Every structure is written in structure tokens, then in C-alpha cells.
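Raw contents of final.txt, compact mmCIF, C-alpha atoms:
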# COMPACT_ATOMS: atom_id res chain seq x y z
CA MET Y 1 57.16 88.72 79.17
CA THR Y 2 56.05 85.12 79.76
CA ILE Y 3 52.71 84.10 81.21
CA GLN Y 4 54.47 83.13 84.42
CA GLU Y 5 56.08 86.58 84.67
CA ALA Y 6 52.80 88.30 83.89
CA LEU Y 7 51.12 86.35 86.67
CA ALA Y 8 53.84 87.33 89.12
CA GLU Y 9 53.44 91.00 88.14
CA ALA Y 10 49.68 90.79 88.58
CA LYS Y 11 50.03 89.23 92.04
CA ALA Y 12 52.49 91.94 93.12
CA LEU Y 13 50.19 94.74 91.97
CA LEU Y 14 47.18 93.24 93.74
CA ARG Y 15 49.18 92.65 96.94
CA SER Y 16 50.37 96.26 97.13
CA PRO Y 17 48.43 98.63 99.44
CA CYS Y 18 45.07 99.62 97.97
CA PRO Y 19 42.55 101.54 100.13
CA GLN Y 20 39.87 101.45 97.40
CA ALA Y 21 39.53 97.65 97.41
CA ASN Y 22 39.41 94.74 99.83
CA ILE Y 23 41.54 92.20 97.97
CA GLU Y 24 41.50 89.11 100.18
CA ASN Y 25 43.03 86.67 97.70
CA PRO Y 26 45.39 88.49 95.32
CA SER Y 27 46.78 85.23 93.89
CA LEU Y 28 43.35 83.98 92.84
CA ASP Y 29 42.31 87.40 91.55
CA ALA Y 30 45.55 87.68 89.54
CA ALA Y 31 45.02 84.27 87.93
CA GLN Y 32 41.40 85.06 87.05
CA LEU Y 33 42.28 88.42 85.53
CA LEU Y 34 45.23 87.08 83.56
CA ALA Y 35 43.11 84.23 82.21
CA GLU Y 36 40.51 86.78 81.17
CA ALA Y 37 43.12 89.00 79.50
CA LEU Y 38 44.51 86.04 77.57
CA GLN Y 39 41.08 84.47 76.94
CA CYS Y 40 42.17 81.14 78.33
CA SER Y 41 41.47 78.96 81.36
CA ARG Y 42 43.38 79.19 84.64
CA GLU Y 43 44.65 75.67 84.00
CA GLU Y 44 46.20 76.87 80.74
CA LEU Y 45 48.17 79.49 82.66
CA ILE Y 46 50.10 76.62 84.25
CA VAL Y 47 50.47 74.54 81.11
CA LYS Y 48 51.61 77.53 79.04
CA ALA Y 49 53.58 79.27 81.80
CA ASN Y 50 56.67 79.81 79.64
CA GLU Y 51 54.85 81.09 76.56
CA LYS Y 52 55.24 84.77 75.64
CA THR Y 53 52.49 87.35 76.04
CA SER Y 54 52.03 90.33 73.77
CA GLU Y 55 52.18 93.98 74.78
CA ALA Y 56 48.46 94.21 74.04
CA ASP Y 57 47.83 91.34 76.45
CA ARG Y 58 49.82 93.12 79.15
CA GLU Y 59 47.94 96.39 78.61
CA ASN Y 60 44.64 94.54 78.85
CA LEU Y 61 45.78 92.84 82.06
CA LEU Y 62 46.90 96.12 83.62
CA HIS Y 63 43.52 97.66 82.75
CA LEU Y 64 41.70 94.79 84.50
CA ILE Y 65 44.00 95.06 87.52
CA GLU Y 66 43.31 98.80 87.76
CA ARG Y 67 39.58 98.11 87.78
CA ARG Y 68 40.09 95.61 90.61
CA ARG Y 69 42.24 98.04 92.59
CA ASN Y 70 39.53 100.67 92.18
CA GLY Y 71 37.14 98.43 94.10
CA GLU Y 72 35.29 96.65 91.32
CA CYS Y 73 34.69 93.01 92.21
CA ILE Y 74 36.00 90.16 90.10
CA ALA Y 75 32.49 89.09 89.09
CA TYR Y 76 31.68 92.49 87.59
CA ILE Y 77 35.04 92.67 85.82
CA LEU Y 78 34.56 89.21 84.30
CA GLY Y 79 30.84 89.75 83.79
CA ARG Y 80 29.97 86.38 85.28
CA ARG Y 81 29.71 84.36 88.49
CA GLU Y 82 29.19 80.67 89.10
CA PHE Y 83 26.32 79.69 91.38
CA ARG Y 84 25.35 76.07 92.06
CA GLY Y 85 27.16 74.82 88.99
CA LEU Y 86 25.64 77.34 86.56
CA GLU Y 87 27.39 80.40 85.17
CA PHE Y 88 25.35 83.59 85.57
CA ALA Y 89 26.01 86.86 83.79
CA VAL Y 90 26.22 89.74 86.26
CA ASN Y 91 26.69 93.49 86.01
CA SER Y 92 26.24 96.54 88.21
CA ASN Y 93 22.44 96.22 87.98
CA VAL Y 94 22.36 93.05 90.10
CA LEU Y 95 23.88 91.67 93.26
CA VAL Y 96 26.63 89.14 92.79
CA PRO Y 97 25.32 85.65 93.76
CA ARG Y 98 27.19 84.46 96.84
CA PRO Y 99 27.59 81.13 98.66
CA ASP Y 100 25.42 82.37 101.54
CA THR Y 101 22.43 82.42 99.21
CA GLU Y 102 22.90 78.72 98.47
CA THR Y 103 21.46 78.18 101.96
CA LEU Y 104 18.24 79.79 100.76
CA VAL Y 105 18.11 77.45 97.76
CA GLU Y 106 18.75 74.42 99.96
CA ALA Y 107 16.07 75.46 102.45
CA ALA Y 108 13.59 75.82 99.60
CA GLN Y 109 14.52 72.38 98.28
CA GLU Y 110 13.89 70.84 101.70
CA GLN Y 111 10.38 72.29 101.72
CA ILE Y 112 9.79 71.29 98.09
CA ASP Y 113 10.80 67.72 98.80
CA LEU Y 114 8.45 67.58 101.79
CA ILE Y 115 5.39 68.48 99.73
CA ALA Y 116 6.37 67.05 96.34
CA GLY Y 117 4.37 64.18 94.89
CA GLN Y 118 1.01 65.92 94.90
CA ASP Y 119 -1.21 65.72 91.82
CA ARG Y 120 -0.22 69.21 90.70
CA LYS Y 121 3.00 71.04 89.98
CA LEU Y 122 4.43 73.03 92.84
CA ALA Y 123 4.50 76.80 92.33
CA VAL Y 124 7.49 78.82 93.54
CA LEU Y 125 8.04 82.58 93.50
CA ASP Y 126 11.49 84.14 93.78
CA LEU Y 127 10.85 87.68 95.01
CA CYS Y 128 13.65 90.24 94.40
CA THR Y 129 15.27 87.85 91.94
CA GLY Y 130 18.15 90.06 90.74
CA SER Y 131 20.26 87.97 88.36
CA GLY Y 132 17.74 85.13 88.56
CA ALA Y 133 20.25 82.85 90.26
CA VAL Y 134 17.84 81.45 92.88
CA ALA Y 135 14.89 80.96 90.53
CA ILE Y 136 16.95 79.39 87.75
CA SER Y 137 18.88 77.15 90.15
CA LEU Y 138 15.66 75.85 91.69
CA LYS Y 139 14.24 75.08 88.24
CA ASN Y 140 17.51 73.42 87.27
CA GLU Y 141 17.57 71.15 90.31
CA ARG Y 142 13.82 70.56 90.57
CA PRO Y 143 12.59 70.68 86.92
CA PHE Y 144 8.98 69.85 87.86
CA LEU Y 145 8.50 73.22 89.55
CA GLU Y 146 6.49 76.10 88.11
CA VAL Y 147 8.86 78.98 88.87
CA SER Y 148 8.11 82.68 88.73
CA ALA Y 149 10.66 85.41 89.46
CA SER Y 150 10.10 89.10 90.06
CA ASP Y 151 12.06 92.27 90.68
CA ILE Y 152 11.27 95.97 90.89
CA SER Y 153 14.25 96.77 88.66
CA ALA Y 154 13.73 96.47 84.91
CA GLU Y 155 17.51 96.43 84.48
CA ALA Y 156 17.89 93.52 86.89
CA LEU Y 157 15.10 91.59 85.17
CA GLU Y 158 16.84 92.11 81.84
CA VAL Y 159 19.91 90.36 83.27
CA ALA Y 160 17.77 87.54 84.69
CA VAL Y 161 15.95 86.98 81.39
CA GLN Y 162 19.24 86.96 79.50
CA ASN Y 163 20.60 84.37 81.93
CA ALA Y 164 17.55 82.18 81.41
CA GLU Y 165 17.72 82.47 77.64
CA ARG Y 166 21.45 81.79 77.48
CA LEU Y 167 21.30 78.81 79.83
CA ALA Y 168 18.30 77.41 77.98
CA ALA Y 169 20.62 76.59 75.09
CA THR Y 170 22.36 73.98 77.21
CA VAL Y 171 19.88 73.26 80.02
CA ASN Y 172 16.45 72.17 78.83
CA PHE Y 173 14.20 73.51 81.59
CA ILE Y 174 14.95 77.18 81.99
CA GLN Y 175 12.77 78.70 79.29
CA SER Y 176 9.74 77.95 81.46
CA VAL Y 177 10.74 80.39 84.23
CA ARG Y 178 8.30 83.32 84.22
CA PHE Y 179 9.68 86.80 84.92
CA ILE Y 180 7.55 89.67 86.25
CA GLN Y 181 8.46 93.28 86.95
CA SER Y 182 6.86 94.12 90.27
CA ASP Y 183 7.40 96.21 93.38
CA LEU Y 184 7.22 93.24 95.75
CA PHE Y 185 3.70 91.78 95.31
CA GLU Y 186 2.18 94.72 93.42
CA ASN Y 187 1.92 92.88 90.08
CA ILE Y 188 1.77 89.35 91.51
CA LYS Y 189 -1.69 87.83 91.11
CA ASP Y 190 -1.08 84.13 91.71
CA LYS Y 191 -0.59 82.09 94.86
CA PHE Y 192 2.40 79.86 95.52
CA ASP Y 193 3.47 76.87 97.56
CA ILE Y 194 6.78 78.52 98.36
CA ILE Y 195 7.99 82.11 98.22
CA VAL Y 196 11.73 82.66 98.50
CA SER Y 197 13.47 86.02 98.71
CA ASN Y 198 16.90 87.51 99.22
CA PRO Y 199 15.60 91.04 99.82
CA PRO Y 200 17.51 94.22 100.70
CA TYR Y 201 18.32 93.90 104.41
CA ILE Y 202 21.36 96.10 105.13
CA PRO Y 203 20.47 99.00 107.49
CA SER Y 204 20.87 102.29 105.61
CA GLY Y 205 23.41 103.58 108.12
CA GLU Y 206 25.68 100.60 107.58
CA LEU Y 207 25.96 100.82 103.79
CA SER Y 208 28.98 103.11 103.97
CA LYS Y 209 30.76 100.54 106.18
CA LEU Y 210 30.48 97.73 103.67
CA ALA Y 211 33.49 96.47 101.72
CA PRO Y 212 34.26 98.69 98.71
CA GLU Y 213 33.26 95.90 96.32
CA ILE Y 214 29.80 95.58 97.88
CA ARG Y 215 29.25 99.34 97.94
CA LEU Y 216 29.47 99.26 94.13
CA GLU Y 217 26.53 96.85 93.97
CA PRO Y 218 23.05 98.35 93.42
CA ARG Y 219 21.84 100.23 96.48
CA LEU Y 220 18.27 99.27 95.58
CA ALA Y 221 19.18 95.62 96.25
CA LEU Y 222 21.06 96.36 99.49
CA ASP Y 223 19.26 99.12 101.41
CA GLY Y 224 16.79 97.66 103.89
CA GLY Y 225 15.87 100.97 105.50
CA GLU Y 226 16.73 102.30 108.93
CA ASP Y 227 16.70 98.93 110.73
CA GLY Y 228 17.32 96.75 107.69
CA LEU Y 229 13.85 95.22 107.97
CA GLU Y 230 11.78 97.70 105.97
CA ILE Y 231 11.39 95.46 102.91
CA ILE Y 232 11.21 92.26 104.96
CA ARG Y 233 8.40 93.80 107.01
CA LYS Y 234 6.43 94.48 103.83
CA ILE Y 235 7.04 90.99 102.48
CA ILE Y 236 5.90 89.28 105.67
CA SER Y 237 2.76 91.43 105.95
CA GLN Y 238 1.71 90.66 102.37
CA ALA Y 239 2.97 87.12 101.83
CA SER Y 240 -0.04 85.32 103.32
CA ASP Y 241 -2.23 86.71 100.52
CA HIS Y 242 0.04 85.02 97.98
CA LEU Y 243 0.61 81.65 99.64
CA LEU Y 244 -1.50 78.56 99.10
CA ASP Y 245 -2.72 76.64 102.16
CA GLY Y 246 0.32 75.24 103.90
CA GLY Y 247 2.58 77.53 101.89
CA VAL Y 248 6.02 78.57 103.10
CA LEU Y 249 7.90 81.90 103.07
CA LEU Y 250 11.69 81.71 103.15
CA LEU Y 251 13.85 84.82 103.58
CA GLU Y 252 17.58 85.49 103.58
CA ALA Y 253 18.81 88.01 106.15
CA ALA Y 254 21.66 88.60 108.59
CA PRO Y 255 21.82 86.22 111.60
CA GLU Y 256 21.49 89.09 114.06
CA GLN Y 257 18.20 90.10 112.41
CA MET Y 258 16.50 86.78 113.06
CA PRO Y 259 14.95 87.70 116.45
CA GLY Y 260 13.40 90.81 114.89
CA ILE Y 261 12.11 88.81 111.93
CA LYS Y 262 10.66 86.17 114.25
CA ALA Y 263 8.75 88.93 116.05
CA LEU Y 264 7.30 90.10 112.74
CA PHE Y 265 5.78 86.64 112.19
CA LYS Y 266 4.06 86.50 115.59
CA PRO Y 267 0.91 88.46 114.57
CA LEU Y 268 0.40 86.03 111.70
CA PHE Y 269 0.52 83.04 114.03
CA GLN Y 270 -1.93 84.71 116.41
CA ARG Y 271 -4.30 85.46 113.52
CA HIS Y 272 -4.51 81.76 112.69
The structure in this file should be written as C-alpha cells.
Amino acid sequence: MTIQEALAEAKALLRSPCPQANIENPSLDAAQLLAEALQCSREELIVKANEKTSEADRENLLHLIERRRNGECIAYILGRREFRGLEFAVNSNVLVPRPDTETLVEAAQEQIDLIAGQDRKLAVLDLCTGSGAVAISLKNERPFLEVSASDISAEALEVAVQNAERLAATVNFIQSVRFIQSDLFENIKDKFDIIVSNPPYIPSGELSKLAPEIRLEPRLALDGGEDGLEIIRKIISQASDHLLDGGVLLLEAAPEQMPGIKALFKPLFQRH
């Protein structure tokens, strides 16, 4: 079987009905899985389209396809996901970094750029860091920051630390990110100019309605309680004790939750 034929087989298998997975782009998934099975780039699949594959290669490919059809996302199968130009290791202990979270990074950068230029380094905390994607990306793109990152999950922090250590070999800044295991602010003693967080915000009753791929991600990082705002409520109530004067709290949540989140901030405005 040639590479071209193997790719066609992979596409056909991923296009066939599969209730356990939501496969939106079978062609892309097939190319990624075949490249992984052959340990080559997707570009090489085109260049080497007529080259033969081995039976072992085909068995490896079929195993990866079966994992995908069983609902496992591509990022978990490959063990990596690109986010803002950096490749992050991911596994079932962390959420997969997604494009939506880039908005959180960009919002933080806007605030950083507004207050940069002071006679001290700016301090940033990434609360509920997961894979470390937000914290590490901010340090990558704004190297002058003092970045801390925390998570309640020791397993998630292990992934984040490994990402920082691996990326430090090629990107000079990352070794200075500080990681802390903490249930929200429990073990956080310092104050920060900016706190960013992509916390759990899915209402508990909606978890079973999520796409199969997302349901395989850690519930601890998804479940926001009955209304989805349980963790956000805690963060907002405690954040002022950990923000410097003029500090900013930035949260990722669903658009329909924004009115409820705005209401949670009102008592803080009235207090000041």
C-alpha cells in the first residue's frame, strides 16, 4: 500500500458513521494521524505519496484511527497541540489549548502594554493554568513579565512544568515562570498587576451534552458547578486581595455567562 492509498483508507474510515466521536474534518485528521504513524510531516505525505508503507505502519495507523473513532481528540492522540506558535505537550490531565483562549492572552497583552514602562517588572498570575499555555505564551511574547502559574491539579502542573522545561531549550525566557500548586488562591501569597484565568465554567448539567472529545477532558477543568459560575464566583470574591492597586482580573467564560459575571463584579465596584 502506498502513502496515497493509506491516506485514502484513513479518510474513508474517519468519514464513516461514528457515534462515539465528532469528526468534523476527517481529511485533516487522516493526514495528521498518517503523518504520526509514519513519523513524518504532512508535507512529506504529498512529496512521498507513491512510496510504499509497511504492514507495521498500517497497523499503527489503524490503531490511531480507532482511538480517534472512540472519541479521543487529535491532540491527545498526538500528545501535543500548537498554541500561539509554541508546541505544548498535552494529555488527559489538562484541557487542550484552543483558539478561543488566544483572546484571553490578547486581552492580557492589551492591559500589559497599557501599564508597561514602570520602574518595576509587571507581575502576572495565570490561575487554573492547566498545560501552562497561557502563562508560557505571555512570557514568550512579553519576556519582561514576572509570570506565576497555578493549578489545583498536581498532574496538570506536571504537564505545565514539563512544557516550560522543554521549551526552555529553544526559547530563552521560559525557565523563569513560577509554578504553584494551589486551590485557587489558597497558596498564593503575592499580589499581581494582572490575574488571568480560564477556569471551569461549564454548568454541571451540560457536561453530558458536550462533544465526545471534550467529555474525555478532565472534569475538574470543565465543571463550573450548577450554574457554571461556582469557580468564577470564588475567583472574583478573592481576587481583590491578590491584585496590586490598579490591577486587572481577566476571565474566560461563555458569552451567555457575561451578564451574570458582570453582576458578580458590582459589589466590588460599590465597595470602592
Exercise for the section: Determine the nearest neighbour of Glu206 (chain Y) from the options Y:Tyr76, Y:Ser27, Y:Gly228, Y:Lys191, counting all atoms listed in the file. Expected result: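 Of Y:Tyr76, Y:Ser27, Y:Gly228, Y:Lys191, the one nearest Glu206 (chain Y), counting all atoms listed in the file, is Y:Gly228.
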Exercise for the section: Might you pull out every residue within 10 Å of Val96 (chain Y), with all atoms listed in the file counted and same-chain residues fewer than 6 positions away left off, and present them as a list in words? Expected result: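 The residues that qualify are Cys73, Ile74, Ala75, Tyr76, Gly79, Arg80, Arg81, Glu82, Phe83, Phe88, Ala89, Val90, Gly130, Ser131, Ala133, Ile214, Glu217 and Pro218 of chain Y.
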Exercise for the section: Would you mind reading off the distance between CA of Leu38 (chain Y) and CA of Ala56 (chain Y), one decimal, in Å? Expected result: 9.7 Å
Exercise for the section: Grab the CA of Ile112 (chain Y) to CA of Arg84 (chain Y) distance for me, in Å with one decimal place. Expected result: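 Distance between the two atoms: 17.4 Å.
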Practice task
Write out as a list in words each polymer residue whose atoms come within 10 Å of Asp245 (chain Y), counting all atoms listed in the file; drop sequence neighbours fewer than 3 positions from it.
Solution key: Lys191, Phe192, Asp193, Ser240, His242 and Val248 of chain Y
Practice task
Please provide as a count of residues only all residues within 12 Å of Lys189 (chain Y), with the sequence filter that same-chain residues fewer than 6 positions apart are discarded (counting only C-alpha atoms).
Solution key: 9
Exercise for the section: In Å, rounded to a single decimal, give me how far CA of Leu207 (chain Y) is from CA of Leu138 (chain Y). Expected result: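 Atom-to-atom, CA of Leu138 (chain Y) to CA of Leu207 (chain Y), that is 29.6 Å.
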Handout entry: Residue contacts of Ala221 (chain Y) (10 Å, all atoms listed in the file) excluding same-chain residues fewer than 3 positions away, as a PyMOL selection string
Key = chain Y and resi 93-95+128-130+151-153+156+198-202+217-218+224
Handout entry: Neighbour list for Ile235 (chain Y) as number ranges by chain, cut-off 8 Å, all atoms listed in the file, skip fewer than 4 positions in-chain
Key = Y: 184-185, 231, 239
Exercise for the section: Rank nothing, just name the residue among Y:Val47, Y:Ala169, Y:Cys18, Y:Ala149 nearest to Ile3 (chain Y), using all atoms listed in the file. Expected result: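 Ranked by minimum distance to Ile3 (chain Y), first place goes to Y:Val47.
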Handout entry: Shortest interatomic distance to Glu66 (chain Y) - which of Y:Ala123, Y:Leu220, Y:Val105, Y:Ala21, counting only C-alpha atoms
Key =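 Result for the nearest residue to Glu66 (chain Y): Y:Ala21.
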Practice task
Find the residue from Y:Leu45, Y:Leu28, Y:Val124, Y:Leu229 that sits nearest to Gln111 (chain Y); use all atoms listed in the file when measuring.
Solution key: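 For Gln111 (chain Y), the nearest of the given residues is Y:Val124.
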Handout entry: Minimum-distance residue to Ile195 (chain Y), chosen among Y:Asp100, Y:Glu252, Y:Asp29, Y:Glu72 (using all atoms listed in the file)
Key =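 For Ile195 (chain Y), the nearest of the candidates is Y:Glu252.
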